[in-house]
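Asks: Below you'll find final12.pdb; it's PDB, C-alpha atoms and all ligand atoms.
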```pdb
ATOM      1  CA  MET F   1       7.882 -10.948   6.413
ATOM      2  CA  LYS F   2       8.724 -10.238  10.058
ATOM      3  CA  VAL F   3      11.685  -8.510  11.702
ATOM      4  CA  LYS F   4      12.519  -8.210  15.394
ATOM      5  CA  ILE F   5      13.007  -4.720  16.836
ATOM      6  CA  GLY F   6      14.106  -4.749  20.493
ATOM      7  CA  SER F   7      11.554  -6.892  22.325
ATOM      8  CA  GLY F   8       8.956  -6.254  19.621
ATOM      9  CA  SER F   9       8.467  -6.840  15.922
ATOM     10  CA  ILE F  10       7.385  -5.365  12.616
ATOM     11  CA  GLU F  11       5.417  -7.532  10.243
ATOM     12  CA  ILE F  12       4.379  -6.974   6.642
ATOM     13  CA  VAL F  13       1.362  -8.826   5.284
ATOM     14  CA  LYS F  14      -0.811  -8.592   2.207
ATOM     15  CA  GLY F  15      -4.529  -8.373   2.948
ATOM     16  CA  ASP F  16      -7.541  -6.535   4.293
ATOM     17  CA  ILE F  17      -6.917  -4.491   7.450
ATOM     18  CA  THR F  18     -10.524  -4.930   8.627
ATOM     19  CA  GLU F  19      -9.773  -8.637   9.238
ATOM     20  CA  GLN F  20      -6.878  -7.941  11.624
ATOM     21  CA  GLU F  21      -7.112  -9.006  15.271
ATOM     22  CA  THR F  22      -4.504  -6.615  16.648
ATOM     23  CA  ASP F  23      -5.628  -4.423  19.597
ATOM     24  CA  ALA F  24      -6.090  -1.511  17.199
ATOM     25  CA  ILE F  25      -6.313  -1.011  13.461
ATOM     26  CA  VAL F  26      -5.474   2.371  11.962
ATOM     27  CA  ASN F  27      -7.874   4.186   9.643
ATOM     28  CA  ALA F  28      -6.373   6.366   6.892
ATOM     29  CA  ALA F  29      -8.446   9.426   7.742
ATOM     30  CA  ASN F  30      -8.967  13.106   6.982
ATOM     31  CA  ASN F  31      -8.885  15.669   9.785
ATOM     32  CA  HIS F  32     -12.704  15.885  10.146
ATOM     33  CA  PHE F  33     -13.004  12.079  10.305
ATOM     34  CA  TRP F  34     -15.926  11.593   7.920
ATOM     35  CA  MET F  35     -15.274   8.215   6.354
ATOM     36  CA  GLY F  36     -15.196   8.053   2.550
ATOM     37  CA  ALA F  37     -13.664   5.394   0.283
ATOM     38  CA  GLY F  38     -10.743   2.985   0.713
ATOM     39  CA  VAL F  39      -9.808   1.800   4.227
ATOM     40  CA  ALA F  40     -12.319   4.174   5.845
ATOM     41  CA  GLY F  41     -15.166   2.852   3.699
ATOM     42  CA  ALA F  42     -14.257  -0.771   4.464
ATOM     43  CA  ILE F  43     -14.083  -0.065   8.231
ATOM     44  CA  LYS F  44     -17.459   1.678   8.170
ATOM     45  CA  ARG F  45     -19.107  -1.080   6.124
ATOM     46  CA  LYS F  46     -17.858  -3.933   8.308
ATOM     47  CA  GLY F  47     -17.616  -2.250  11.699
ATOM     48  CA  GLY F  48     -20.745  -0.093  11.590
ATOM     49  CA  ASP F  49     -21.698   3.584  11.243
ATOM     50  CA  GLU F  50     -21.146   4.205  14.960
ATOM     51  CA  ILE F  51     -17.373   4.237  14.354
ATOM     52  CA  GLU F  52     -17.697   7.250  12.045
ATOM     53  CA  LYS F  53     -20.106   8.983  14.419
ATOM     54  CA  GLU F  54     -17.694   8.640  17.355
ATOM     55  CA  ALA F  55     -14.696   9.710  15.271
ATOM     56  CA  VAL F  56     -16.447  12.808  13.867
ATOM     57  CA  SER F  57     -17.441  13.815  17.418
ATOM     58  CA  LYS F  58     -13.713  13.919  18.305
ATOM     59  CA  GLY F  59     -12.757  16.196  15.399
ATOM     60  CA  PRO F  60     -11.742  18.284  13.673
ATOM     61  CA  VAL F  61      -8.030  18.128  14.558
ATOM     62  CA  GLU F  62      -4.804  19.462  13.055
ATOM     63  CA  VAL F  63      -3.543  17.384  10.138
ATOM     64  CA  GLY F  64      -1.097  14.788  11.511
ATOM     65  CA  CYS F  65      -3.049  14.153  14.726
ATOM     66  CA  ALA F  66      -5.004  10.988  15.603
ATOM     67  CA  VAL F  67      -8.018   9.979  17.712
ATOM     68  CA  ILE F  68      -9.147   6.626  19.088
ATOM     69  CA  THR F  69     -12.653   5.105  18.953
ATOM     70  CA  GLY F  70     -14.329   1.764  19.533
ATOM     71  CA  ALA F  71     -14.235  -0.771  16.706
ATOM     72  CA  GLY F  72     -17.934  -1.719  16.450
ATOM     73  CA  LYS F  73     -18.303  -5.188  14.935
ATOM     74  CA  LEU F  74     -14.638  -5.496  13.901
ATOM     75  CA  LYS F  75     -12.254  -8.038  15.460
ATOM     76  CA  SER F  76      -9.895  -5.384  16.843
ATOM     77  CA  LYS F  77     -10.727  -3.533  20.087
ATOM     78  CA  TYR F  78     -10.113  -0.018  18.791
ATOM     79  CA  VAL F  79      -9.804   2.016  15.622
ATOM     80  CA  ILE F  80      -7.164   4.737  15.631
ATOM     81  CA  HIS F  81      -8.067   7.397  13.062
ATOM     82  CA  ALA F  82      -4.900   8.991  11.677
ATOM     83  CA  ALA F  83      -5.509  12.345   9.982
ATOM     84  CA  GLY F  84      -3.078  12.171   7.067
ATOM     85  CA  MET F  85      -4.823  14.981   5.194
ATOM     86  CA  GLY F  86      -7.085  18.003   5.478
ATOM     87  CA  GLN F  87     -10.306  18.748   3.602
ATOM     88  CA  ASN F  88      -8.502  19.101   0.261
ATOM     89  CA  LEU F  89      -7.634  15.378   0.583
ATOM     90  CA  ARG F  90      -3.997  16.087  -0.320
ATOM     91  CA  THR F  91      -1.108  14.599   1.609
ATOM     92  CA  ASP F  92       2.680  14.404   1.641
ATOM     93  CA  LYS F  93       5.475  12.551   3.421
ATOM     94  CA  ASP F  94       5.540  14.895   6.399
ATOM     95  CA  LYS F  95       1.784  14.586   7.030
ATOM     96  CA  VAL F  96       2.035  10.794   6.806
ATOM     97  CA  ARG F  97       5.017  10.772   9.182
ATOM     98  CA  LYS F  98       3.136  12.840  11.772
ATOM     99  CA  ALA F  99      -0.063  10.773  11.437
ATOM    100  CA  THR F 100       1.937   7.561  11.895
ATOM    101  CA  LEU F 101       3.731   8.840  14.996
ATOM    102  CA  SER F 102       0.486  10.197  16.522
ATOM    103  CA  SER F 103      -1.129   6.768  16.052
ATOM    104  CA  LEU F 104       1.792   4.958  17.700
ATOM    105  CA  GLU F 105       1.762   7.409  20.614
ATOM    106  CA  LEU F 106      -1.979   6.983  21.095
ATOM    107  CA  ALA F 107      -1.657   3.174  21.116
ATOM    108  CA  GLU F 108       1.139   3.369  23.683
ATOM    109  CA  LYS F 109      -0.855   5.783  25.846
ATOM    110  CA  HIS F 110      -3.803   3.348  25.884
ATOM    111  CA  ASN F 111      -1.554   0.416  26.884
ATOM    112  CA  LEU F 112      -2.119  -1.410  23.602
ATOM    113  CA  SER F 113       0.399  -4.079  22.626
ATOM    114  CA  SER F 114      -0.406  -4.478  18.922
ATOM    115  CA  ILE F 115      -1.465  -2.228  16.046
ATOM    116  CA  SER F 116      -2.075  -2.634  12.293
ATOM    117  CA  PHE F 117      -1.471   0.142   9.759
ATOM    118  CA  PRO F 118      -2.541   0.568   6.131
ATOM    119  CA  SER F 119      -0.255   2.536   3.804
ATOM    120  CA  ILE F 120      -1.592   5.972   4.753
ATOM    121  CA  GLY F 121      -2.046   8.437   1.888
ATOM    122  CA  THR F 122      -1.519   5.993  -0.988
ATOM    123  CA  GLY F 123      -5.170   5.780  -2.105
ATOM    124  CA  VAL F 124      -7.299   8.933  -2.232
ATOM    125  CA  GLY F 125      -4.207  10.895  -1.090
ATOM    126  CA  GLY F 126      -2.256   9.919  -4.216
ATOM    127  CA  LEU F 127       1.118   9.399  -2.475
ATOM    128  CA  SER F 128       3.419   6.829  -4.070
ATOM    129  CA  PRO F 129       3.825   3.622  -2.006
ATOM    130  CA  TYR F 130       7.583   4.020  -2.535
ATOM    131  CA  GLN F 131       7.450   7.408  -0.775
ATOM    132  CA  CYS F 132       5.113   6.183   1.948
ATOM    133  CA  ALA F 133       6.958   2.973   2.904
ATOM    134  CA  PRO F 134      10.275   4.449   4.204
ATOM    135  CA  VAL F 135       8.448   7.139   6.192
ATOM    136  CA  MET F 136       6.040   4.769   7.945
ATOM    137  CA  LEU F 137       8.597   1.999   8.509
ATOM    138  CA  ASN F 138      11.188   4.341  10.007
ATOM    139  CA  GLU F 139       8.626   5.833  12.413
ATOM    140  CA  ALA F 140       7.612   2.338  13.558
ATOM    141  CA  ILE F 141      11.218   1.148  13.958
ATOM    142  CA  GLU F 142      12.192   4.198  16.021
ATOM    143  CA  PHE F 143       9.066   3.994  18.148
ATOM    144  CA  LEU F 144       9.441   0.285  18.966
ATOM    145  CA  GLN F 145      12.882   1.019  20.385
ATOM    146  CA  ILE F 146      11.400   3.259  23.090
ATOM    147  CA  ALA F 147       7.897   1.812  23.547
ATOM    148  CA  LYS F 148       7.019   0.113  26.820
ATOM    149  CA  ASN F 149       3.614  -1.375  25.947
ATOM    150  CA  LEU F 150       3.579  -1.602  22.182
ATOM    151  CA  LYS F 151       5.272  -4.777  20.896
ATOM    152  CA  LYS F 152       3.813  -5.594  17.529
ATOM    153  CA  VAL F 153       3.349  -3.327  14.501
ATOM    154  CA  VAL F 154       1.771  -4.905  11.416
ATOM    155  CA  PHE F 155       1.575  -3.227   7.992
ATOM    156  CA  VAL F 156      -1.389  -4.601   6.058
ATOM    157  CA  LEU F 157      -0.988  -3.885   2.363
ATOM    158  CA  PHE F 158      -3.926  -4.272   0.058
ATOM    159  CA  ASP F 159      -2.252  -4.589  -3.334
ATOM    160  CA  GLU F 160       0.925  -5.994  -4.816
ATOM    161  CA  THR F 161       2.549  -2.586  -5.426
ATOM    162  CA  ASN F 162       2.165  -1.478  -1.807
ATOM    163  CA  PHE F 163       3.263  -4.871  -0.498
ATOM    164  CA  ASP F 164       6.322  -4.800  -2.749
ATOM    165  CA  ALA F 165       7.251  -1.240  -1.698
ATOM    166  CA  PHE F 166       7.081  -2.065   2.028
ATOM    167  CA  LYS F 167       8.883  -5.399   1.668
ATOM    168  CA  LYS F 168      11.716  -3.909  -0.421
ATOM    169  CA  GLU F 169      12.132  -0.967   1.971
ATOM    170  CA  LEU F 170      12.234  -3.176   5.064
ATOM    171  CA  GLU F 171      14.812  -5.428   3.403
ATOM    172  CA  ARG F 172      16.843  -2.366   2.423
ATOM    173  CA  ILE F 173      16.810  -0.909   5.945
ATOM    174  CA  PHE F 174      17.958  -4.159   7.503
ATOM    175  CA  THR F 175      20.647  -4.897   4.926
ATOM    176  CA  PHE F 176      21.940  -1.385   5.516
ATOM    177  CA  LYS F 177      21.932  -1.792   9.322
ATOM    178  CA  LYS F 178      23.884  -5.072   9.308
TER     179      LYS F 178
HETATM  180  N1  LIG D 201      -7.185  -2.951   3.897
HETATM  181  C1  LIG D 201      -5.927  -2.473   3.698
HETATM  182  N2  LIG D 201      -5.629  -1.508   2.805
HETATM  183  C2  LIG D 201      -6.639  -1.019   2.061
HETATM  184  C3  LIG D 201      -7.974  -1.449   2.193
HETATM  185  C4  LIG D 201      -8.231  -2.471   3.155
HETATM  186  N3  LIG D 201      -9.458  -2.940   3.374
HETATM  187  N4  LIG D 201      -8.751  -0.749   1.308
HETATM  188  C5  LIG D 201      -7.928   0.084   0.635
HETATM  189  N5  LIG D 201      -6.646  -0.075   1.078
HETATM  190  P1  LIG D 201      -7.102   5.240   1.312
HETATM  191  P2  LIG D 201      -5.754   7.761   1.988
HETATM  192  C6  LIG D 201      -5.409   0.612   0.658
HETATM  193  O1  LIG D 201      -7.737   5.880   0.131
HETATM  194  O2  LIG D 201      -5.053   7.818   0.670
HETATM  195  C7  LIG D 201     -11.166   8.393   2.466
HETATM  196  O3  LIG D 201     -12.104   9.211   1.857
HETATM  197  C8  LIG D 201      -5.487   1.418  -0.623
HETATM  198  O4  LIG D 201      -5.297   0.570  -1.745
HETATM  199  O5  LIG D 201      -7.947   4.392   2.203
HETATM  200  O6  LIG D 201      -4.976   8.089   3.216
HETATM  201  C9  LIG D 201     -10.975   8.789   3.933
HETATM  202  O7  LIG D 201     -12.211   9.110   4.541
HETATM  203  C10 LIG D 201      -4.326   2.389  -0.447
HETATM  204  O8  LIG D 201      -3.098   1.775  -0.854
HETATM  205  O9  LIG D 201      -6.407   6.323   2.278
HETATM  206  C11 LIG D 201     -10.051   9.962   3.799
HETATM  207  O10 LIG D 201     -10.772  11.123   3.508
HETATM  208  C12 LIG D 201      -4.265   2.605   1.065
HETATM  209  O11 LIG D 201      -5.080   1.579   1.640
HETATM  210  C13 LIG D 201      -9.150   9.584   2.626
HETATM  211  O12 LIG D 201      -9.886   8.627   1.867
HETATM  212  C14 LIG D 201      -4.770   3.959   1.537
HETATM  213  O13 LIG D 201      -5.885   4.363   0.753
HETATM  214  C15 LIG D 201      -7.846   8.940   3.039
HETATM  215  O14 LIG D 201      -7.030   8.718   1.900
END
```
Represent the structure contained in this file as structure tokens.
Ligand code: AR6

Replies:
Amino acid sequence: MKVKIGSGSIEIVKGDITEQETDAIVNAANNHFWMGAGVAGAIKRKGGDEIEKEAVSKGPVEVGCAVITGAGKLKSKYVIHAAGMGQNLRTDKDKVRKATLSSLELAEKHNLSSISFPSIGTGVGGLSPYQCAPVMLNEAIEFLQIAKNLKKVVFVLFDETNFDAFKKELERIFTFKK
């Protein structure tokens, strides 16, 4: 599913974020950037341990901030590590909102035109996909309206529940706006 926003677009796909060829993929990270399970584990396995080493060297940061590193052997050029939680590995809507915005800002600052996001906080963090989807989609929609470089935001959802939550929310937002 794809919707146009200004001169850019938001796309929702089901799949594995480590296979994405966008300029950057976002890692669902903690604020010290050690890479555990879920998206982080998959990025480390496929991209190489150097991604974690570089990310850890740029931390720790305040929860809600993001850092950018190389992408090792992955197809994307960069990994943006979005700190959606602290060391207690707990998150909430506000932390996810800030981490999403920080990632978008970092992509824009580095002149990137495309970025892929996972549903931050919905694995280890325990946030419901139905709470996560409106927060992340609204940040992306607002940001694309003012972005100069960033044109394409893809949400890569791993399972049916997350895909369904993002698809339903995007449909709801656009029905409401018409
Ligand atoms: N591609 C896309 N989505 C995925 C993939 C994948 N390859 N693998 C899992 N997901 P999580 P969090 C989904 O746990 O909750 C780690 O320890 C997954 O099903 O990756 O923000 C980090 O180091 C879920 O819906 O992120 C942090 O400490 C979503 O991605 C902490 O976990 C997010 O799950 C981050 O926890």

Asks: Mind listing whatever residues come within 12 Å of the point (1.7, 8.8, -1.0)? Use all atoms listed in the file, file coordinates, and give them as a PyMOL selection string.

Replies: chain F and resi 28+84-85+89-97+118-136+162+165

Asks: Separation of atom CA of Lys167 of chain F and atom CA of Ile12 of chain F, in Å?

Replies: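 It comes out at 6.9 Å.
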
Asks: Quick one: pull the distance between atom C1 of ligand LIG 201 (chain D) and atom CA of Thr18 of chain F, Å, one decimal.

Replies: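 Straight-line distance from atom C1 of ligand LIG 201 (chain D) to atom CA of Thr18 of chain F works out to 7.2 Å.
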
Asks: For the structure provided, state which residues fall under the PyMOL selection byres (((chain F and resi 66-83) around 8) and not hetatm), and present them as a compact mmCIF listing (two decimals) with C-alpha atoms, in the frame of the given file.

Replies:
```
# COMPACT_ATOMS: atom_id res chain seq x y z
CA THR F 18 -10.52 -4.93 8.63
CA GLU F 19 -9.77 -8.64 9.24
CA GLN F 20 -6.88 -7.94 11.62
CA GLU F 21 -7.11 -9.01 15.27
CA THR F 22 -4.50 -6.62 16.65
CA ASP F 23 -5.63 -4.42 19.60
CA ALA F 24 -6.09 -1.51 17.20
CA ILE F 25 -6.31 -1.01 13.46
CA VAL F 26 -5.47 2.37 11.96
CA ASN F 27 -7.87 4.19 9.64
CA ALA F 28 -6.37 6.37 6.89
CA ALA F 29 -8.45 9.43 7.74
CA ASN F 30 -8.97 13.11 6.98
CA ASN F 31 -8.88 15.67 9.78
CA PHE F 33 -13.00 12.08 10.30
CA ILE F 43 -14.08 -0.06 8.23
CA LYS F 46 -17.86 -3.93 8.31
CA GLY F 47 -17.62 -2.25 11.70
CA GLY F 48 -20.74 -0.09 11.59
CA GLU F 50 -21.15 4.20 14.96
CA ILE F 51 -17.37 4.24 14.35
CA GLU F 54 -17.69 8.64 17.36
CA ALA F 55 -14.70 9.71 15.27
CA LYS F 58 -13.71 13.92 18.30
CA VAL F 61 -8.03 18.13 14.56
CA GLU F 62 -4.80 19.46 13.06
CA VAL F 63 -3.54 17.38 10.14
CA GLY F 64 -1.10 14.79 11.51
CA CYS F 65 -3.05 14.15 14.73
CA GLY F 84 -3.08 12.17 7.07
CA MET F 85 -4.82 14.98 5.19
CA GLY F 86 -7.08 18.00 5.48
CA ALA F 99 -0.06 10.77 11.44
CA THR F 100 1.94 7.56 11.90
CA SER F 102 0.49 10.20 16.52
CA SER F 103 -1.13 6.77 16.05
CA LEU F 106 -1.98 6.98 21.10
CA ALA F 107 -1.66 3.17 21.12
```

Asks: Go through F:Val154, F:Leu112, F:Ile5, F:Leu144 and flag the residue nearest ligand LIG 201 (chain D), using only C-alpha atoms and all ligand atoms for the distances.

Replies: F:Val154

Asks: Mind pulling up the distance from atom CA of Arg172 of chain F to atom O9 of ligand LIG 201 (chain D)?

Replies: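 Between atom O9 of ligand LIG 201 (chain D) and atom CA of Arg172 of chain F the gap works out to 24.8 Å.
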
Asks: Take the PyMOL selection byres (((chain F and resi 34) around 7) and not hetatm), apply it to the structure above, and return the hits as JSON, numbers by chain.

Replies: {"F": [32, 33, 35, 36, 52, 56]}

Asks: Report as JSON the centre and the edge lengths, in Å to one decimal, of the axis-aligned box holding every listed atom of ligand LIG 201 (chain D), padded by 5 Å on each side.

Replies:
```
{"center_x": -7.7, "center_y": 4.1, "center_z": 1.4, "size_x": 19.1, "size_y": 24.1, "size_z": 16.3}
```

Asks: Go through F:Thr175, F:Ser57, F:Gln145, F:Ser116 one by one, measure the shortest atom-to-atom distance of each to Val13 of chain F using all atoms listed in the file, and give the residue with the smallest value.

Replies: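 Closest residue, counting all atoms listed in the file: F:Ser116.
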
Asks: Would you mind telling me which residue in F:Lys2, F:Leu157, F:Leu150, F:Leu170 lies nearest to ligand LIG 201 (chain D) when using only C-alpha atoms and all ligand atoms?

Replies: F:Leu157

Asks: Of the candidates F:Lys14, F:Lys152, F:Val39, F:Gly6, which shows the shortest atom-to-atom distance to ligand LIG 201 (chain D), using all atoms listed in the file?

Replies: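 Among the listed residues, the smallest separation from ligand LIG 201 (chain D) belongs to F:Val39.
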
Asks: Ranking F:Phe143, F:Phe166, F:Phe117, F:Phe174 by minimum distance to ligand LIG 201 (chain D) and counting only C-alpha atoms and all ligand atoms, which one comes first?

Replies: F:Phe117

Asks: Of the candidates F:Ile17, F:Val153, F:Ile146, F:Ile141, which one gets nearest to ligand LIG 201 (chain D) if we count all atoms listed in the file?

Replies: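 With all atoms listed in the file as the atom set, the closest residue is F:Ile17.
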